[in-house]
Each structure stands twice: as C-alpha cells, then as structure tokens.
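So this one's input_17.cif, mmCIF, C-alpha atoms and all ligand atoms:
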data_coords
#
loop_
_atom_site.group_PDB
_atom_site.id
_atom_site.type_symbol
_atom_site.label_atom_id
_atom_site.label_comp_id
_atom_site.auth_asym_id
_atom_site.auth_seq_id
_atom_site.Cartn_x
_atom_site.Cartn_y
_atom_site.Cartn_z
ATOM 1 C CA MET A 1 -21.693 14.804 -21.113
ATOM 2 C CA ASP A 2 -24.617 12.484 -21.570
ATOM 3 C CA GLU A 3 -24.083 9.573 -19.203
ATOM 4 C CA ASN A 4 -25.351 6.939 -21.635
ATOM 5 C CA LEU A 5 -23.013 8.213 -24.308
ATOM 6 C CA MET A 6 -20.155 7.949 -21.852
ATOM 7 C CA ALA A 7 -21.222 4.408 -21.039
ATOM 8 C CA ASP A 8 -20.689 3.389 -24.645
ATOM 9 C CA THR A 9 -17.537 5.232 -25.536
ATOM 10 C CA ALA A 10 -15.228 6.340 -22.760
ATOM 11 C CA ASP A 11 -13.375 4.519 -20.007
ATOM 12 C CA HIS A 12 -15.237 4.853 -16.742
ATOM 13 C CA ILE A 13 -16.489 3.218 -13.574
ATOM 14 C CA THR A 14 -20.199 3.061 -12.822
ATOM 15 C CA LEU A 15 -21.073 2.325 -9.214
ATOM 16 C CA LEU A 16 -24.127 0.099 -9.629
ATOM 17 C CA GLY A 17 -24.633 -0.607 -5.938
ATOM 18 C CA VAL A 18 -22.722 0.966 -3.070
ATOM 19 C CA LYS A 19 -24.333 -0.554 -0.010
ATOM 20 C CA GLY A 20 -22.294 -2.725 2.329
ATOM 21 C CA GLY A 21 -24.241 -5.752 3.547
ATOM 22 C CA PRO A 22 -27.033 -7.866 2.049
ATOM 23 C CA ALA A 23 -30.216 -6.242 3.464
ATOM 24 C CA ILE A 24 -32.195 -3.809 1.324
ATOM 25 C CA ARG A 25 -34.677 -1.146 2.391
ATOM 26 C CA GLN A 26 -37.135 1.153 0.632
ATOM 27 C CA GLY A 27 -35.367 4.011 -1.108
ATOM 28 C CA GLY A 28 -31.963 2.795 -0.004
ATOM 29 C CA ALA A 29 -28.832 1.874 -1.908
ATOM 30 C CA MET A 30 -28.365 -1.612 -3.347
ATOM 31 C CA PRO A 31 -25.659 -4.128 -2.356
ATOM 32 C CA THR A 32 -22.275 -4.077 -3.983
ATOM 33 C CA SER A 33 -21.563 -4.177 -7.681
ATOM 34 C CA SER A 34 -19.514 -1.986 -9.987
ATOM 35 C CA LEU A 35 -19.072 -1.758 -13.708
ATOM 36 C CA LEU A 36 -15.711 -0.971 -15.245
ATOM 37 C CA ARG A 37 -15.269 0.051 -18.861
ATOM 38 C CA PHE A 38 -11.502 -0.100 -19.296
ATOM 39 C CA GLY A 39 -8.865 -1.571 -21.620
ATOM 40 C CA GLY A 40 -11.453 -2.177 -24.319
ATOM 41 C CA GLN A 41 -13.523 -4.418 -22.052
ATOM 42 C CA THR A 42 -16.706 -4.129 -20.054
ATOM 43 C CA VAL A 43 -16.411 -5.963 -16.759
ATOM 44 C CA LEU A 44 -18.356 -6.238 -13.546
ATOM 45 C CA ILE A 45 -16.774 -6.315 -10.117
ATOM 46 C CA ASP A 46 -19.080 -8.183 -7.723
ATOM 47 C CA CYS A 47 -22.722 -9.039 -8.296
ATOM 48 C CA GLY A 48 -24.864 -8.060 -5.329
ATOM 49 C CA ILE A 49 -28.618 -8.233 -5.756
ATOM 50 C CA GLY A 50 -29.882 -5.664 -8.267
ATOM 51 C CA VAL A 51 -26.827 -5.850 -10.520
ATOM 52 C CA ALA A 52 -28.646 -6.871 -13.723
ATOM 53 C CA ARG A 53 -31.241 -4.133 -13.481
ATOM 54 C CA SER A 54 -28.673 -1.506 -12.494
ATOM 55 C CA ALA A 55 -26.309 -2.417 -15.338
ATOM 56 C CA VAL A 56 -29.103 -2.171 -17.892
ATOM 57 C CA GLU A 57 -30.364 1.114 -16.436
ATOM 58 C CA SER A 58 -26.827 2.508 -16.644
ATOM 59 C CA GLY A 59 -26.967 1.967 -20.396
ATOM 60 C CA VAL A 60 -24.986 -1.275 -20.652
ATOM 61 C CA SER A 61 -26.592 -4.222 -22.394
ATOM 62 C CA LEU A 62 -26.149 -7.536 -20.593
ATOM 63 C CA LEU A 63 -24.957 -8.831 -23.978
ATOM 64 C CA ASN A 64 -21.894 -6.579 -23.828
ATOM 65 C CA ILE A 65 -20.366 -7.860 -20.582
ATOM 66 C CA ASP A 66 -17.018 -9.544 -21.211
ATOM 67 C CA ALA A 67 -15.994 -10.708 -17.746
ATOM 68 C CA ILE A 68 -17.090 -10.734 -14.120
ATOM 69 C CA PHE A 69 -14.783 -10.620 -11.116
ATOM 70 C CA ILE A 70 -16.022 -11.700 -7.690
ATOM 71 C CA THR A 71 -13.878 -10.446 -4.794
ATOM 72 C CA HIS A 72 -15.236 -12.936 -2.233
ATOM 73 C CA LEU A 73 -18.249 -15.150 -1.691
ATOM 74 C CA HIS A 74 -20.246 -13.030 0.788
ATOM 75 C CA SER A 75 -23.804 -12.795 -0.525
ATOM 76 C CA ASP A 76 -23.807 -8.997 -0.851
ATOM 77 C CA HIS A 77 -21.157 -9.524 -3.579
ATOM 78 C CA LEU A 78 -22.386 -12.765 -5.131
ATOM 79 C CA LEU A 79 -26.138 -13.256 -4.819
ATOM 80 C CA GLU A 80 -27.107 -12.146 -8.325
ATOM 81 C CA LEU A 81 -24.209 -13.588 -10.331
ATOM 82 C CA GLY A 82 -26.234 -16.576 -11.512
ATOM 83 C CA PRO A 83 -29.429 -14.620 -12.215
ATOM 84 C CA LEU A 84 -27.411 -11.981 -14.107
ATOM 85 C CA LEU A 85 -25.838 -14.538 -16.433
ATOM 86 C CA TYR A 86 -29.089 -16.424 -16.792
ATOM 87 C CA THR A 87 -30.866 -13.214 -17.756
ATOM 88 C CA ALA A 88 -28.088 -12.320 -20.217
ATOM 89 C CA TRP A 89 -28.633 -15.769 -21.765
ATOM 90 C CA ASN A 90 -32.369 -15.177 -22.009
ATOM 91 C CA THR A 91 -31.633 -11.784 -23.580
ATOM 92 C CA GLY A 92 -29.641 -13.444 -26.369
ATOM 93 C CA LEU A 93 -26.097 -13.937 -25.111
ATOM 94 C CA GLY A 94 -23.973 -15.253 -27.953
ATOM 95 C CA HIS A 95 -20.372 -14.883 -26.773
ATOM 96 C CA LYS A 96 -18.288 -16.323 -23.954
ATOM 97 C CA VAL A 97 -18.382 -14.588 -20.597
ATOM 98 C CA ARG A 98 -15.533 -15.190 -18.180
ATOM 99 C CA ILE A 99 -16.157 -15.425 -14.444
ATOM 100 C CA TYR A 100 -13.211 -15.044 -12.099
ATOM 101 C CA GLY A 101 -13.714 -15.765 -8.423
ATOM 102 C CA PRO A 102 -12.096 -17.303 -5.357
ATOM 103 C CA ASP A 103 -12.236 -20.947 -4.390
ATOM 104 C CA GLY A 104 -15.888 -22.040 -4.351
ATOM 105 C CA ILE A 105 -16.975 -20.058 -7.384
ATOM 106 C CA GLU A 106 -17.290 -23.172 -9.577
ATOM 107 C CA GLY A 107 -19.503 -24.835 -6.992
ATOM 108 C CA TYR A 108 -21.714 -21.765 -6.868
ATOM 109 C CA TRP A 109 -22.156 -21.777 -10.644
ATOM 110 C CA ASP A 110 -22.762 -25.538 -10.903
ATOM 111 C CA ASN A 111 -25.305 -25.450 -8.114
ATOM 112 C CA PHE A 112 -27.045 -22.424 -9.579
ATOM 113 C CA LEU A 113 -27.499 -24.197 -12.894
ATOM 114 C CA GLN A 114 -28.682 -27.266 -11.011
ATOM 115 C CA ALA A 115 -31.289 -25.158 -9.222
ATOM 116 C CA MET A 116 -32.524 -23.915 -12.611
ATOM 117 C CA ALA A 117 -32.535 -27.383 -14.218
ATOM 118 C CA PHE A 118 -36.243 -27.407 -15.048
ATOM 119 C CA ASP A 119 -36.248 -24.087 -16.874
ATOM 120 C CA TYR A 120 -32.791 -24.667 -18.387
ATOM 121 C CA ALA A 121 -33.872 -27.901 -20.089
ATOM 122 C CA ILE A 122 -37.010 -26.277 -21.429
ATOM 123 C CA ARG A 123 -35.187 -23.316 -22.932
ATOM 124 C CA LEU A 124 -32.537 -25.511 -24.520
ATOM 125 C CA ASP A 125 -35.070 -27.794 -26.212
ATOM 126 C CA ASP A 126 -38.079 -25.588 -26.674
ATOM 127 C CA GLU A 127 -36.329 -22.358 -27.661
ATOM 128 C CA GLY A 128 -33.178 -23.865 -29.178
ATOM 129 C CA ARG A 129 -30.795 -21.652 -27.227
ATOM 130 C CA PRO A 130 -27.063 -22.501 -27.123
ATOM 131 C CA PRO A 131 -26.098 -24.173 -23.817
ATOM 132 C CA LEU A 132 -25.360 -21.497 -21.226
ATOM 133 C CA ARG A 133 -22.826 -23.875 -19.701
ATOM 134 C CA ASP A 134 -20.719 -23.527 -22.867
ATOM 135 C CA LEU A 135 -20.948 -19.748 -22.851
ATOM 136 C CA VAL A 136 -19.604 -19.275 -19.331
ATOM 137 C CA GLU A 137 -15.982 -19.968 -18.483
ATOM 138 C CA VAL A 138 -15.287 -20.109 -14.754
ATOM 139 C CA THR A 139 -11.768 -19.518 -13.430
ATOM 140 C CA THR A 140 -10.744 -19.763 -9.779
ATOM 141 C CA PHE A 141 -8.045 -17.300 -8.743
ATOM 142 C CA GLY A 142 -5.820 -16.691 -5.746
ATOM 143 C CA PRO A 143 -3.227 -14.001 -4.996
ATOM 144 C CA GLY A 144 -1.199 -12.781 -7.985
ATOM 145 C CA GLU A 145 -2.032 -12.601 -11.670
ATOM 146 C CA VAL A 146 -5.695 -13.257 -12.427
ATOM 147 C CA THR A 147 -5.745 -12.623 -16.154
ATOM 148 C CA ASP A 148 -3.822 -10.746 -18.798
ATOM 149 C CA GLU A 149 -6.003 -10.933 -21.874
ATOM 150 C CA GLY A 150 -6.313 -8.248 -24.487
ATOM 151 C CA ASP A 151 -5.382 -4.871 -23.105
ATOM 152 C CA LEU A 152 -6.516 -5.510 -19.549
ATOM 153 C CA ALA A 153 -4.259 -7.015 -16.877
ATOM 154 C CA VAL A 154 -5.739 -7.952 -13.522
ATOM 155 C CA THR A 155 -3.945 -8.917 -10.315
ATOM 156 C CA ALA A 156 -5.324 -9.956 -6.933
ATOM 157 C CA PHE A 157 -4.143 -9.238 -3.399
ATOM 158 C CA ARG A 158 -5.461 -10.995 -0.319
ATOM 159 C CA VAL A 159 -6.960 -8.546 2.189
ATOM 160 C CA GLU A 160 -8.147 -9.052 5.781
ATOM 161 C CA HIS A 161 -11.850 -9.733 6.038
ATOM 162 C CA PRO A 162 -12.386 -12.286 8.790
ATOM 163 C CA PRO A 163 -13.792 -14.858 8.904
ATOM 164 C CA VAL A 164 -13.420 -14.971 5.105
ATOM 165 C CA ILE A 165 -9.924 -16.060 4.059
ATOM 166 C CA ASP A 166 -10.307 -15.767 0.293
ATOM 167 C CA CYS A 167 -11.112 -12.079 -0.134
ATOM 168 C CA PHE A 168 -9.129 -10.200 -2.747
ATOM 169 C CA ALA A 169 -8.488 -6.598 -3.702
ATOM 170 C CA LEU A 170 -8.171 -6.300 -7.475
ATOM 171 C CA ARG A 171 -5.886 -4.103 -9.550
ATOM 172 C CA PHE A 172 -6.890 -3.447 -13.170
ATOM 173 C CA GLU A 173 -4.220 -2.041 -15.500
ATOM 174 C CA ALA A 174 -4.570 -0.830 -19.066
ATOM 175 C CA GLY A 175 -2.861 1.811 -21.194
ATOM 176 C CA GLY A 176 -0.586 2.937 -18.373
ATOM 177 C CA LYS A 177 -3.488 3.522 -15.984
ATOM 178 C CA ALA A 178 -4.485 1.541 -12.910
ATOM 179 C CA ILE A 179 -7.779 1.150 -11.056
ATOM 180 C CA VAL A 180 -7.871 -0.661 -7.709
ATOM 181 C CA PHE A 181 -10.859 -2.063 -5.844
ATOM 182 C CA SER A 182 -10.231 -2.819 -2.160
ATOM 183 C CA ALA A 183 -12.903 -5.510 -1.800
ATOM 184 C CA ASP A 184 -14.134 -5.901 1.789
ATOM 185 C CA THR A 185 -11.332 -5.427 4.272
ATOM 186 C CA CYS A 186 -10.508 -4.115 7.695
ATOM 187 C CA TYR A 187 -7.957 -1.296 7.790
ATOM 188 C CA PHE A 188 -5.073 -3.115 6.149
ATOM 189 C CA PRO A 189 -1.945 -0.992 5.562
ATOM 190 C CA PRO A 190 -0.292 -3.502 3.150
ATOM 191 C CA LEU A 191 -3.116 -2.689 0.734
ATOM 192 C CA ALA A 192 -1.470 0.725 0.179
ATOM 193 C CA GLU A 193 1.487 -0.955 -1.505
ATOM 194 C CA PHE A 194 -0.828 -2.932 -3.814
ATOM 195 C CA ALA A 195 -2.726 0.266 -4.652
ATOM 196 C CA LYS A 196 0.465 2.330 -5.106
ATOM 197 C CA GLY A 197 0.064 5.105 -7.650
ATOM 198 C CA ALA A 198 -3.362 3.935 -8.865
ATOM 199 C CA ASP A 199 -5.339 6.541 -10.770
ATOM 200 C CA ILE A 200 -8.465 5.586 -8.833
ATOM 201 C CA LEU A 201 -8.827 3.593 -5.610
ATOM 202 C CA VAL A 202 -12.335 2.351 -4.874
ATOM 203 C CA HIS A 203 -12.220 1.551 -1.174
ATOM 204 C CA GLU A 204 -14.890 0.209 1.146
ATOM 205 C CA ALA A 205 -15.777 2.467 4.065
ATOM 206 C CA MET A 206 -17.689 2.565 7.319
ATOM 207 C CA LEU A 207 -18.864 5.485 9.419
ATOM 208 C CA THR A 208 -18.151 4.323 12.932
ATOM 209 C CA ALA A 209 -20.747 6.723 14.345
ATOM 210 C CA GLY A 210 -23.421 5.012 12.239
ATOM 211 C CA VAL A 211 -22.688 1.474 13.395
ATOM 212 C CA ASP A 212 -24.638 1.623 16.679
ATOM 213 C CA ASN A 213 -27.771 2.786 14.902
ATOM 214 C CA LEU A 214 -27.361 0.138 12.211
ATOM 215 C CA VAL A 215 -27.035 -2.679 14.724
ATOM 216 C CA ALA A 216 -30.121 -1.458 16.596
ATOM 217 C CA ARG A 217 -32.329 -1.666 13.486
ATOM 218 C CA THR A 218 -31.063 -5.067 12.279
ATOM 219 C CA PRO A 219 -32.961 -7.662 14.325
ATOM 220 C CA GLY A 220 -31.420 -11.071 14.845
ATOM 221 C CA ALA A 221 -27.822 -10.085 14.143
ATOM 222 C CA ASP A 222 -26.314 -10.243 17.628
ATOM 223 C CA ARG A 223 -22.726 -10.361 16.439
ATOM 224 C CA LEU A 224 -23.067 -7.773 13.646
ATOM 225 C CA ARG A 225 -21.256 -5.038 15.550
ATOM 226 C CA GLU A 226 -18.233 -7.237 16.232
ATOM 227 C CA HIS A 227 -18.121 -8.344 12.596
ATOM 228 C CA LEU A 228 -18.261 -4.774 11.317
ATOM 229 C CA MET A 229 -15.521 -3.502 13.581
ATOM 230 C CA ALA A 230 -13.187 -6.444 12.872
ATOM 231 C CA SER A 231 -13.778 -6.776 9.138
ATOM 232 C CA HIS A 232 -14.370 -3.314 7.674
ATOM 233 C CA THR A 233 -12.545 0.005 7.352
ATOM 234 C CA PRO A 234 -13.521 3.277 9.045
ATOM 235 C CA ALA A 235 -13.646 6.102 6.487
ATOM 236 C CA ASP A 236 -10.657 7.937 7.969
ATOM 237 C CA ASP A 237 -8.584 4.756 7.660
ATOM 238 C CA ALA A 238 -9.629 4.411 4.015
ATOM 239 C CA GLY A 239 -8.214 7.922 3.663
ATOM 240 C CA ARG A 240 -4.964 6.716 5.257
ATOM 241 C CA ILE A 241 -4.647 3.984 2.623
ATOM 242 C CA ALA A 242 -5.242 6.498 -0.186
ATOM 243 C CA GLN A 243 -2.703 8.912 1.286
ATOM 244 C CA SER A 244 -0.077 6.235 1.749
ATOM 245 C CA ALA A 245 -0.669 4.814 -1.752
ATOM 246 C CA MET A 246 -0.630 8.301 -3.304
ATOM 247 C CA VAL A 247 -3.571 7.506 -5.553
ATOM 248 C CA GLY A 248 -5.075 10.047 -7.934
ATOM 249 C CA LYS A 249 -8.601 9.796 -6.587
ATOM 250 C CA LEU A 250 -10.363 7.985 -3.750
ATOM 251 C CA VAL A 251 -13.868 6.617 -4.214
ATOM 252 C CA LEU A 252 -15.711 5.340 -1.150
ATOM 253 C CA ASN A 253 -18.143 2.492 -1.698
ATOM 254 C CA HIS A 254 -19.573 -0.508 0.200
ATOM 255 C CA LEU A 255 -20.857 2.126 2.583
ATOM 256 C CA VAL A 256 -21.864 1.114 6.109
ATOM 257 C CA PRO A 257 -24.347 2.563 6.798
ATOM 258 C CA ALA A 258 -25.617 3.372 3.302
ATOM 259 C CA ASP A 259 -29.215 4.234 4.076
ATOM 260 C CA ASP A 260 -29.305 6.002 7.419
ATOM 261 C CA PRO A 261 -30.953 9.444 7.062
ATOM 262 C CA ASN A 262 -28.959 10.651 10.058
ATOM 263 C CA PHE A 263 -25.801 10.655 7.949
ATOM 264 C CA SER A 264 -25.194 12.587 4.738
ATOM 265 C CA GLU A 265 -22.427 12.854 2.182
ATOM 266 C CA ALA A 266 -20.994 15.711 4.261
ATOM 267 C CA ASP A 267 -20.432 13.331 7.197
ATOM 268 C CA TRP A 268 -18.459 10.925 5.009
ATOM 269 C CA THR A 269 -16.441 13.742 3.498
ATOM 270 C CA ALA A 270 -15.637 15.213 6.915
ATOM 271 C CA GLU A 271 -14.421 11.857 8.176
ATOM 272 C CA VAL A 272 -12.233 10.971 5.196
ATOM 273 C CA SER A 273 -10.824 14.500 4.976
ATOM 274 C CA LYS A 274 -9.120 13.989 8.335
ATOM 275 C CA THR A 275 -6.557 11.775 6.642
ATOM 276 C CA TRP A 276 -6.795 12.363 2.872
ATOM 277 C CA ASN A 277 -6.366 15.678 1.113
ATOM 278 C CA GLY A 278 -6.796 14.536 -2.498
ATOM 279 C CA PRO A 279 -9.933 14.213 -4.622
ATOM 280 C CA VAL A 280 -12.654 12.091 -3.024
ATOM 281 C CA VAL A 281 -15.963 10.773 -4.310
ATOM 282 C CA ILE A 282 -18.605 9.434 -1.934
ATOM 283 C CA GLY A 283 -20.311 6.590 -3.766
ATOM 284 C CA ARG A 284 -23.987 6.416 -4.630
ATOM 285 C CA ASP A 285 -25.886 4.033 -6.874
ATOM 286 C CA GLY A 286 -25.594 4.919 -10.548
ATOM 287 C CA LEU A 287 -22.708 7.345 -10.153
ATOM 288 C CA VAL A 288 -20.379 7.456 -13.173
ATOM 289 C CA ILE A 289 -16.702 8.191 -12.548
ATOM 290 C CA PRO A 290 -14.722 8.962 -15.722
ATOM 291 C CA ILE A 291 -11.246 7.468 -16.071
ATOM 292 C CA THR A 292 -9.249 10.320 -17.557
HETATM 293 ZN ZN ZN A 301 -19.696 -6.855 1.700
HETATM 294 ZN ZN ZN A 302 -17.716 -9.302 2.842
#

I'd like the structure from this file rewritten - as structure tokens, please.
Amino acid sequence: MDENLMADTADHITLLGVKGGPAIRQGGAMPTSSLLRFGGQTVLIDCGIGVARSAVESGVSLLNIDAIFITHLHSDHLLELGPLLYTAWNTGLGHKVRIYGPDGIEGYWDNFLQAMAFDYAIRLDDEGRPPLRDLVEVTTFGPGEVTDEGDLAVTAFRVEHPPVIDCFALRFEAGGKAIVFSADTCYFPPLAEFAKGADILVHEAMLTAGVDNLVARTPGADRLREHLMASHTPADDAGRIAQSAMVGKLVLNHLVPADDPNFSEADWTAEVSKTWNGPVVIGRDGLVIPIT
C-alpha cells in the first residue's frame, strides 16, 4: 500500500524520530516524535527536533494536526513543539490545536511566544493572521484521564525516569483498540498493568552493549552512563513488559544507541527475543505501523 495513501485514510502510527537523546549526527536518526492517526484524530506524541519536517515528509499537513501530547519536558521530546506550532501557523493554521503536557508546559509555551515576540507582532499586524495564542489550547495533565474527546480517550501513567518526576506513559483508546506509549522509563514492571492487552506497545529501549561506546563519543557528559542505566530500559526488559502485558505487538523506539554502526536491527531483535516471543518492530525514522 502506498504509504502516503495510508497516512490519509487508515489508522496507523508513523515513527517520525526514534532516537533517544537530544544530539544529532550526520545520517543518524532524529530525536523522539511519533504521529498517531487513530479515533478520527491526528495527534503527535512528543516533539523532538525535526518533528515538523518529518511530519510533512510523512504526508501529513501541519494544518491537520488536532492535538499534541508531551510525555515529559526533556528536550529530546520537547525542543520543537513551539517551532512546529509556529510553522503550522505560518502555513495557515485555522483551527484549534490542543497541547497536553506535564506541569511546566504552559511556561514553555508562554516563554516560546515571548521569545518570538518581534516576529509574532509583525505577522499579526502586517499579514493579518489570527492570533496564534487563541489557536493553541494548553492543558496540564497528571496521572489518570487526560482527555476523552470525540472517539479518542487518553490516560496517563507515571513511569520512573529519574530525575524527572513528571514523566507519563500514555494509553490511547478508540473503537475497542488500545495503543500505549511507554515514554522514557527505566524497567518498570507496573507499566505492564497499564499496557495490559494493548494492540500495540511502543516502548523505549536501550542496548546495554552500546552504552559504553555511546558514552565514549559524547564529550562533556560525565554522568551520561549513570543516567542511562538508571533511567532507561534495556531491550530485553522492554520485552518483559510486553510479555507480561500480553500486547499484540511490541515496537521499540527511543533507541539508545540509535546511530552506532556497530549495532544493527539484528542485535536489537536478538536482545528483545530473549524475553518476548510475539511480533516485534525495531523502530526507524519514517516507519509506518498500521493499526489493524
Ligand atoms: Zn528521551
Ligand atoms: Zn527523558
């Protein structure tokens, strides 16, 4: 099936960026963002740098995004939220877009608009655009129900991602189906209950063997190794969550490392297959996963 056709018509996930962490390198994957077409809505989950370009290249107009969910305020999930909305506005945004994020999301948005004050004033007066402020509705969420509008219900579950307290897995439900995104988390067995029976679980994953190499080529990040080991999930443990939750399919994203030529898709598959014997997809930028 033509991927662009699928983007317009059928429920699916598009992995826009699958890299864990905020650095980018030539030819490598981009930081985290995903697009979900589900329950009659087009939503984004996280907005790492590159999200606007990747969404457009996947065949989705920025004018067709209904809502954006931010799992936590780490920059590899947040950095391009403002620029994405600003670019949608400059592209002709005419409807309300809802942003849902943890505590601090309103401050981010206010300060972003403040940073753009010069250009914002010019475009309002000189081009006669409707105020972007009025087109964006920001909602802060915590654990529990996030929204239940239209055919799409969304709930949040706090995961373990120290030192961040407000980091939330998200469960999207529509038409009797469920899609769960883990957000960033260490191996956290209670997540299996939240993800119970989901058709698709998109879980972050780390290849422990790749961490040493990653730390060695990231200058100035002395505590990176400790952060990774305490705050992220080895691929075999992601498999344990999928197995315990009895999901229909496991998708690995937020890959650490995502751009090390020493590791291939086969390495990820070998690791996750130790603990999970169901369908698995190793994420890559632009990959479309149908929701069937
Ligand atoms: Zn991250
Ligand atoms: Zn994070």

Neighbour list for A:Ile45 as a PDB file with C-alpha atoms, keeping the file's coordinate frame, cut-off 10 Å, only C-alpha atoms, skip fewer than 6 positions in-chain:
ATOM      1  CA  LEU A  15     -21.073   2.325  -9.214  1.00  0.00           C
ATOM      2  CA  LEU A  16     -24.127   0.099  -9.629  1.00  0.00           C
ATOM      3  CA  THR A  32     -22.275  -4.077  -3.983  1.00  0.00           C
ATOM      4  CA  SER A  33     -21.563  -4.177  -7.681  1.00  0.00           C
ATOM      5  CA  SER A  34     -19.514  -1.986  -9.987  1.00  0.00           C
ATOM      6  CA  LEU A  35     -19.072  -1.758 -13.708  1.00  0.00           C
ATOM      7  CA  LEU A  36     -15.711  -0.971 -15.245  1.00  0.00           C
ATOM      8  CA  ALA A  67     -15.994 -10.708 -17.746  1.00  0.00           C
ATOM      9  CA  ILE A  68     -17.090 -10.734 -14.120  1.00  0.00           C
ATOM     10  CA  PHE A  69     -14.783 -10.620 -11.116  1.00  0.00           C
ATOM     11  CA  ILE A  70     -16.022 -11.700  -7.690  1.00  0.00           C
ATOM     12  CA  THR A  71     -13.878 -10.446  -4.794  1.00  0.00           C
ATOM     13  CA  HIS A  77     -21.157  -9.524  -3.579  1.00  0.00           C
ATOM     14  CA  LEU A  78     -22.386 -12.765  -5.131  1.00  0.00           C
ATOM     15  CA  TYR A 100     -13.211 -15.044 -12.099  1.00  0.00           C
ATOM     16  CA  LEU A 170      -8.171  -6.300  -7.475  1.00  0.00           C
ATOM     17  CA  PHE A 181     -10.859  -2.063  -5.844  1.00  0.00           C
ATOM     18  CA  ALA A 183     -12.903  -5.510  -1.800  1.00  0.00           C
TER      19      ALA A 183
END

Quiz item: Got a sec: who's within 12 Å of A:Thr292, counting only C-alpha atoms, leaving out chain neighbours fewer than 4 positions off, as number ranges by chain?
Solution: A: 6, 10-13, 37-38, 175-179, 199-200, 248-249

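Distances here use only C-alpha atoms; by that measure, the residue among A:Cys167, A:Asp260, A:Gly17, A:Asp267 closest to A:Arg217 is A:Asp260.
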
Restrict the calculation to all atoms listed in the file, then for each residue of chain A with any atom at most 10 Å from an atom of ligand ZN 301 (chain A) give the closest atom pair and their distance in Å to one decimal, rows by chain and rising residue number, as JSON lines.
{"residue": "A:Val18", "atom": "CA", "partner": "A:ZN301", "partner_atom": "ZN", "distance": 9.6}
{"residue": "A:Lys19", "atom": "CA", "partner": "A:ZN301", "partner_atom": "ZN", "distance": 8.0}
{"residue": "A:Gly20", "atom": "CA", "partner": "A:ZN301", "partner_atom": "ZN", "distance": 4.9}
{"residue": "A:Gly21", "atom": "CA", "partner": "A:ZN301", "partner_atom": "ZN", "distance": 5.0}
{"residue": "A:Pro22", "atom": "CA", "partner": "A:ZN301", "partner_atom": "ZN", "distance": 7.4}
{"residue": "A:Pro31", "atom": "CA", "partner": "A:ZN301", "partner_atom": "ZN", "distance": 7.7}
{"residue": "A:Thr32", "atom": "CA", "partner": "A:ZN301", "partner_atom": "ZN", "distance": 6.8}
{"residue": "A:Ser33", "atom": "CA", "partner": "A:ZN301", "partner_atom": "ZN", "distance": 9.9}
{"residue": "A:Asp46", "atom": "CA", "partner": "A:ZN301", "partner_atom": "ZN", "distance": 9.5}
{"residue": "A:Gly48", "atom": "CA", "partner": "A:ZN301", "partner_atom": "ZN", "distance": 8.8}
{"residue": "A:Thr71", "atom": "CA", "partner": "A:ZN301", "partner_atom": "ZN", "distance": 9.4}
{"residue": "A:His72", "atom": "CA", "partner": "A:ZN301", "partner_atom": "ZN", "distance": 8.5}
{"residue": "A:Leu73", "atom": "CA", "partner": "A:ZN301", "partner_atom": "ZN", "distance": 9.1}
{"residue": "A:His74", "atom": "CA", "partner": "A:ZN301", "partner_atom": "ZN", "distance": 6.3}
{"residue": "A:Ser75", "atom": "CA", "partner": "A:ZN301", "partner_atom": "ZN", "distance": 7.6}
{"residue": "A:Asp76", "atom": "CA", "partner": "A:ZN301", "partner_atom": "ZN", "distance": 5.3}
{"residue": "A:His77", "atom": "CA", "partner": "A:ZN301", "partner_atom": "ZN", "distance": 6.1}
{"residue": "A:Leu78", "atom": "CA", "partner": "A:ZN301", "partner_atom": "ZN", "distance": 9.4}
{"residue": "A:His161", "atom": "CA", "partner": "A:ZN301", "partner_atom": "ZN", "distance": 9.4}
{"residue": "A:Ala183", "atom": "CA", "partner": "A:ZN301", "partner_atom": "ZN", "distance": 7.8}
{"residue": "A:Asp184", "atom": "CA", "partner": "A:ZN301", "partner_atom": "ZN", "distance": 5.6}
{"residue": "A:Thr185", "atom": "CA", "partner": "A:ZN301", "partner_atom": "ZN", "distance": 8.9}
{"residue": "A:Glu204", "atom": "CA", "partner": "A:ZN301", "partner_atom": "ZN", "distance": 8.6}
{"residue": "A:Leu228", "atom": "CA", "partner": "A:ZN301", "partner_atom": "ZN", "distance": 9.9}
{"residue": "A:Ser231", "atom": "CA", "partner": "A:ZN301", "partner_atom": "ZN", "distance": 9.5}
{"residue": "A:His232", "atom": "CA", "partner": "A:ZN301", "partner_atom": "ZN", "distance": 8.8}
{"residue": "A:His254", "atom": "CA", "partner": "A:ZN301", "partner_atom": "ZN", "distance": 6.5}
{"residue": "A:Leu255", "atom": "CA", "partner": "A:ZN301", "partner_atom": "ZN", "distance": 9.1}
{"residue": "A:Val256", "atom": "CA", "partner": "A:ZN301", "partner_atom": "ZN", "distance": 9.4}

Quiz prompt | Nearest to A:Asn253, chosen from A:Ile165, A:Asp222, A:Phe118, A:Ala29, with all atoms listed in the file counted in the distances | solution =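 Residue with the minimum atom-to-atom distance to A:Asn253: A:Ala29.
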
Practice problem: Counting all atoms listed in the file, figure out which residue out of A:Arg129, A:His227, A:His203, A:Arg123 gets nearest to A:Val159. | Solution: A:His203

Practice problem: Go through A:Leu191, A:Val136, A:Val146, A:Ala205 one by one, measure the shortest atom-to-atom distance of each to ligand ZN 302 (chain A) using only C-alpha atoms and all ligand atoms, and give the residue with the smallest value. | Solution: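 Using only C-alpha atoms and all ligand atoms, the shortest distance to ligand ZN 302 (chain A) belongs to A:Ala205.
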
Exercise. Quote the spacing between atom CA of A:Ile282 and atom CA of A:Gln26 in Å to one decimal place.
Key: 20.5 Å

Exercise. Given the file shown, determine the residues that the PyMOL selection byres (((chain A and resi 150) around 10) and not hetatm) selects; report them as a PyMOL selection string.
Key: chain A and resi 39-41+147-149+151-153+174

Just C-alpha atoms for this one: save the residues we selected as a PDB file, in the frame of the given file.
ATOM      1  CA  GLY A  39      -8.865  -1.571 -21.620  1.00  0.00           C
ATOM      2  CA  GLY A  40     -11.453  -2.177 -24.319  1.00  0.00           C
ATOM      3  CA  GLN A  41     -13.523  -4.418 -22.052  1.00  0.00           C
ATOM      4  CA  THR A 147      -5.745 -12.623 -16.154  1.00  0.00           C
ATOM      5  CA  ASP A 148      -3.822 -10.746 -18.798  1.00  0.00           C
ATOM      6  CA  GLU A 149      -6.003 -10.933 -21.874  1.00  0.00           C
ATOM      7  CA  ASP A 151      -5.382  -4.871 -23.105  1.00  0.00           C
ATOM      8  CA  LEU A 152      -6.516  -5.510 -19.549  1.00  0.00           C
ATOM      9  CA  ALA A 153      -4.259  -7.015 -16.877  1.00  0.00           C
ATOM     10  CA  ALA A 174      -4.570  -0.830 -19.066  1.00  0.00           C
TER      11      ALA A 174
END

Exercise. Would you please work out which residue, of A:Val154, A:Val288, A:Cys186, A:Leu124, is nearest to A:Phe172 when using all atoms listed in the file?
Key: A:Val154
